[in-house]
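K.L.:
Could you have a look at this structure, given as structure tokens, before my questions?
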Amino acid sequence: MTAGLVLGIDIGGSGIKGAMVDLLAGDFATERIRIPTPKKSTPERIAAVAARIAQQFSDQLGDEPIGVTIPAVVTHGKTRSAANIDKSWIDADAQTIFEEVIGRKVVLVNDADAAGIAEVKYGAAKGHPGLVIVTTLGTGIGSAIINRGVLVPNSELGHLEIDGHDAETVASAGVKTKLDLSYSEWVPLLQRYYSHLENLFWPDLLVVGGGVSKNSQKFLPKLTLKTPIIPADLRNRAGIVGAAWLAADSVSNPDPV
Ligand code: BGC
């Protein structure tokens with residue numbers, strides 16, 4: 001893959017953020033721009049915000065595509081799900097919409113996949129030779145499975161069924177906030193989730209990201225698991241950095257389908 005500067009854009013529920021990423025350093029090479037997410041978040045309206053961000057960096061964009069994250073399943077440029085976003089994303093040809101609005105090549109990826117690959121390439125699991133599962137605890141639960149440095153996309157392990165419920169509706173950080181749970185009230189819910197996860201996948205390492213991971217010492221040490229479980233390193237930089245990495249990687253490993 002090329003090792004220049006690549007623009008990463010991370011689409012979140014409250015903000016759309018972008019920065020040029022130095023892929024050698026695995027970090028921002030510029031300031032980060034943040035624009036509030038439009039209330040009615042259709043693909044066209046989000047693409048227009050992404051175009052404003054790309055415009056700000058226009059003099060630094062090279063030949064590589066722009067990496068963009070979205071909290072949805074993405075197969076071959078199409079968004080296929082919308083657990084916590086506007087339903088208009090389901091089956092939208094979102095990558096093409098972004099390319100038309102931005103006027104440049106775009107690689108659209110799942111948000112947790114981007115965060116996960118960033119942690120394995122540059123962060124808490126840097127260079128890990130085995131099976132790493134990165135989970136992001138936010139409004140939902142995102143996941144990335146990376147085996148021997150290779151991402152298995154769209155794992156969606158936040159939607160594992162636990163006791164008849166969609167896991168992210170009972171154990172996410174969003175649930176903690178909504179129900180005003182203390183960390184000690186939240187830990188048993190996380191315990192149930194991560195025990196189930198490790199019994200299904202037997203990872204070598206679990207990495208936990210999302211905003212709440214900055215308080216990881218309040219909950220990770222209280223979990224009893226067979227797998228080592230550690231906080232993410234890149235935190236809110238992971239989506240942007242991972243999107244840029246995946247965009248650059250797509251140049252040498254294009255979508256085969
Ligand atoms: C979505 C995933 C996303 C995760 C974190 C889930 O609800 O289904 O695609 O990665 O939330 O944003």
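Naming works like this for the structure tokens: A, B, ... for the chains as they're shown, residue 1 at the start of each chain, ligands 1 onward in shown order.
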Residues within 10 Å of ligand 1, counting only C-alpha atoms and all ligand atoms: report them as a PyMOL selection string.

P.N.:
chain A and resi 11-13+69-74+79-85+109-115+135-144+154-159+166-169+172+210

K.L.:
Using the selection just defined, write its residues with N, CA and C atoms as a tab-separated table (two decimals), in the first residue's frame.

P.N.:
chain	number	residue	atom	x	y	z
A	11	ILE	N	-18.22	9.04	10.40
A	11	ILE	CA	-19.60	9.53	10.54
A	11	ILE	C	-20.18	8.99	11.84
A	12	GLY	N	-20.49	9.90	12.74
A	12	GLY	CA	-21.07	9.51	14.01
A	12	GLY	C	-22.47	10.10	14.16
A	13	GLY	N	-23.16	9.72	15.21
A	13	GLY	CA	-24.52	10.18	15.43
A	13	GLY	C	-24.61	11.67	15.69
A	69	THR	N	-16.30	6.10	7.21
A	69	THR	CA	-16.95	5.08	8.04
A	69	THR	C	-18.44	5.36	8.15
A	70	ILE	N	-19.19	4.30	8.38
A	70	ILE	CA	-20.64	4.43	8.63
A	70	ILE	C	-21.04	3.31	9.62
A	71	PRO	N	-21.91	3.62	10.58
A	71	PRO	CA	-22.31	2.57	11.53
A	71	PRO	C	-23.36	1.63	10.93
A	72	ALA	N	-22.97	0.92	9.90
A	72	ALA	CA	-23.88	-0.01	9.21
A	72	ALA	C	-23.03	-1.08	8.53
A	73	VAL	N	-23.69	-2.18	8.19
A	73	VAL	CA	-23.04	-3.19	7.36
A	73	VAL	C	-22.80	-2.57	5.99
A	74	VAL	N	-21.60	-2.78	5.45
A	74	VAL	CA	-21.28	-2.27	4.10
A	74	VAL	C	-20.74	-3.43	3.27
A	79	THR	N	-24.72	0.11	1.69
A	79	THR	CA	-25.04	-0.03	3.11
A	79	THR	C	-26.26	-0.94	3.22
A	80	ARG	N	-26.20	-1.88	4.15
A	80	ARG	CA	-27.22	-2.93	4.17
A	80	ARG	C	-28.07	-2.95	5.42
A	81	SER	N	-27.70	-2.16	6.42
A	81	SER	CA	-28.44	-2.19	7.69
A	81	SER	C	-28.50	-0.78	8.24
A	82	ALA	N	-29.30	-0.59	9.28
A	82	ALA	CA	-29.43	0.76	9.87
A	82	ALA	C	-29.96	0.62	11.30
A	83	ALA	N	-29.17	-0.04	12.15
A	83	ALA	CA	-29.66	-0.28	13.52
A	83	ALA	C	-29.87	1.03	14.27
A	84	ASN	N	-28.93	1.97	14.12
A	84	ASN	CA	-29.02	3.23	14.88
A	84	ASN	C	-28.95	4.45	13.99
A	85	ILE	N	-29.22	4.28	12.70
A	85	ILE	CA	-29.18	5.43	11.78
A	85	ILE	C	-30.46	5.46	10.96
A	109	VAL	N	-16.69	2.07	4.67
A	109	VAL	CA	-16.46	0.89	5.53
A	109	VAL	C	-17.27	0.99	6.81
A	110	ASN	N	-17.53	-0.14	7.42
A	110	ASN	CA	-18.20	-0.15	8.72
A	110	ASN	C	-17.33	0.56	9.77
A	111	ASP	N	-17.97	1.31	10.65
A	111	ASP	CA	-17.21	2.12	11.63
A	111	ASP	C	-16.35	1.27	12.57
A	112	ALA	N	-16.89	0.15	13.04
A	112	ALA	CA	-16.11	-0.68	13.97
A	112	ALA	C	-14.98	-1.42	13.25
A	113	ASP	N	-15.21	-1.77	11.98
A	113	ASP	CA	-14.13	-2.38	11.20
A	113	ASP	C	-12.96	-1.40	11.09
A	114	ALA	N	-13.28	-0.13	10.84
A	114	ALA	CA	-12.23	0.88	10.74
A	114	ALA	C	-11.49	1.03	12.08
A	115	ALA	N	-12.26	1.13	13.16
A	115	ALA	CA	-11.63	1.28	14.48
A	115	ALA	C	-10.78	0.06	14.80
A	135	THR	N	-14.14	-4.56	20.10
A	135	THR	CA	-15.53	-4.15	20.23
A	135	THR	C	-15.55	-2.66	20.57
A	136	THR	N	-16.54	-1.94	20.06
A	136	THR	CA	-16.69	-0.53	20.41
A	136	THR	C	-18.00	-0.39	21.18
A	137	LEU	N	-17.91	0.19	22.34
A	137	LEU	CA	-19.10	0.36	23.19
A	137	LEU	C	-19.57	1.81	23.06
A	138	GLY	N	-20.69	2.00	22.38
A	138	GLY	CA	-21.25	3.35	22.21
A	138	GLY	C	-22.76	3.23	22.28
A	139	THR	N	-23.46	3.96	21.39
A	139	THR	CA	-24.92	3.83	21.32
A	139	THR	C	-25.26	2.37	21.06
A	140	GLY	N	-24.54	1.76	20.13
A	140	GLY	CA	-24.65	0.33	19.87
A	140	GLY	C	-23.37	-0.36	20.32
A	141	ILE	N	-23.20	-1.61	19.87
A	141	ILE	CA	-21.92	-2.29	20.07
A	141	ILE	C	-21.40	-2.65	18.68
A	142	GLY	N	-20.22	-2.14	18.36
A	142	GLY	CA	-19.60	-2.48	17.09
A	142	GLY	C	-18.55	-3.54	17.30
A	143	SER	N	-18.19	-4.24	16.22
A	143	SER	CA	-17.16	-5.27	16.37
A	143	SER	C	-16.30	-5.37	15.12
A	144	ALA	N	-15.07	-5.80	15.33
A	144	ALA	CA	-14.17	-6.10	14.21
A	144	ALA	C	-13.41	-7.37	14.56
A	154	ASN	N	-17.65	-6.70	8.62
A	154	ASN	CA	-19.09	-6.78	8.95
A	154	ASN	C	-19.46	-7.89	9.92
A	155	SER	N	-18.69	-8.04	10.98
A	155	SER	CA	-18.99	-9.16	11.90
A	155	SER	C	-20.25	-8.90	12.75
A	156	GLU	N	-20.56	-7.64	13.04
A	156	GLU	CA	-21.83	-7.31	13.71
A	156	GLU	C	-22.08	-8.12	14.98
A	157	LEU	N	-21.04	-8.25	15.79
A	157	LEU	CA	-21.19	-9.07	17.01
A	157	LEU	C	-21.95	-8.33	18.11
A	158	GLY	N	-22.26	-7.07	17.87
A	158	GLY	CA	-23.13	-6.36	18.81
A	158	GLY	C	-24.56	-6.86	18.74
A	159	HIS	N	-24.86	-7.61	17.70
A	159	HIS	CA	-26.22	-8.13	17.56
A	159	HIS	C	-26.31	-9.62	17.91
A	166	ASP	N	-31.23	-8.68	21.58
A	166	ASP	CA	-30.12	-8.17	20.78
A	166	ASP	C	-29.10	-7.59	21.78
A	167	ALA	N	-27.88	-8.11	21.76
A	167	ALA	CA	-26.91	-7.76	22.82
A	167	ALA	C	-26.76	-6.26	23.03
A	168	GLU	N	-26.69	-5.50	21.92
A	168	GLU	CA	-26.43	-4.06	22.11
A	168	GLU	C	-27.59	-3.34	22.79
A	169	THR	N	-28.77	-3.94	22.80
A	169	THR	CA	-29.90	-3.30	23.48
A	169	THR	C	-29.90	-3.58	24.99
A	172	SER	N	-24.84	-2.16	25.79
A	172	SER	CA	-24.01	-1.07	25.23
A	172	SER	C	-23.82	0.06	26.24
A	210	GLY	N	-14.54	2.80	21.95
A	210	GLY	CA	-15.73	3.61	22.20
A	210	GLY	C	-15.39	4.62	23.29

K.L.:
Skip stretch 184-196 of chain A itself and residues of its chain fewer than 6 positions away, then list as a ChimeraX atom specification all residues within 7 Å of it, counting only C-alpha atoms.

P.N.:
/A:167,171,176,219,223,225

K.L.:
If you run DSSP on the backbone here, which positions in stretch 16-73 of chain A get helix (DSSP H, G or I)? Please write them as an NGL selection string.

P.N.:
:A and (43-56 or 58-60)

K.L.:
Taking only C-alpha atoms into account, name the residue in A:Gly8, A:Pro65, A:Pro203, A:Gly211 that is nearest to A:Gly26.

P.N.:
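So, comparing all the options, the nearest one is A:Gly8.
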
K.L.:
Output as a PyMOL selection string all residues of stretch 1-230 of chain A that backbone DSSP marks as strand (DSSP E or B).

P.N.:
chain A and resi 5-11+15-22+27-28+33-36+66-70+74-75+78-79+92+106-110+131-137+141-147+150-152+161-162+165-166+205-209+229-230
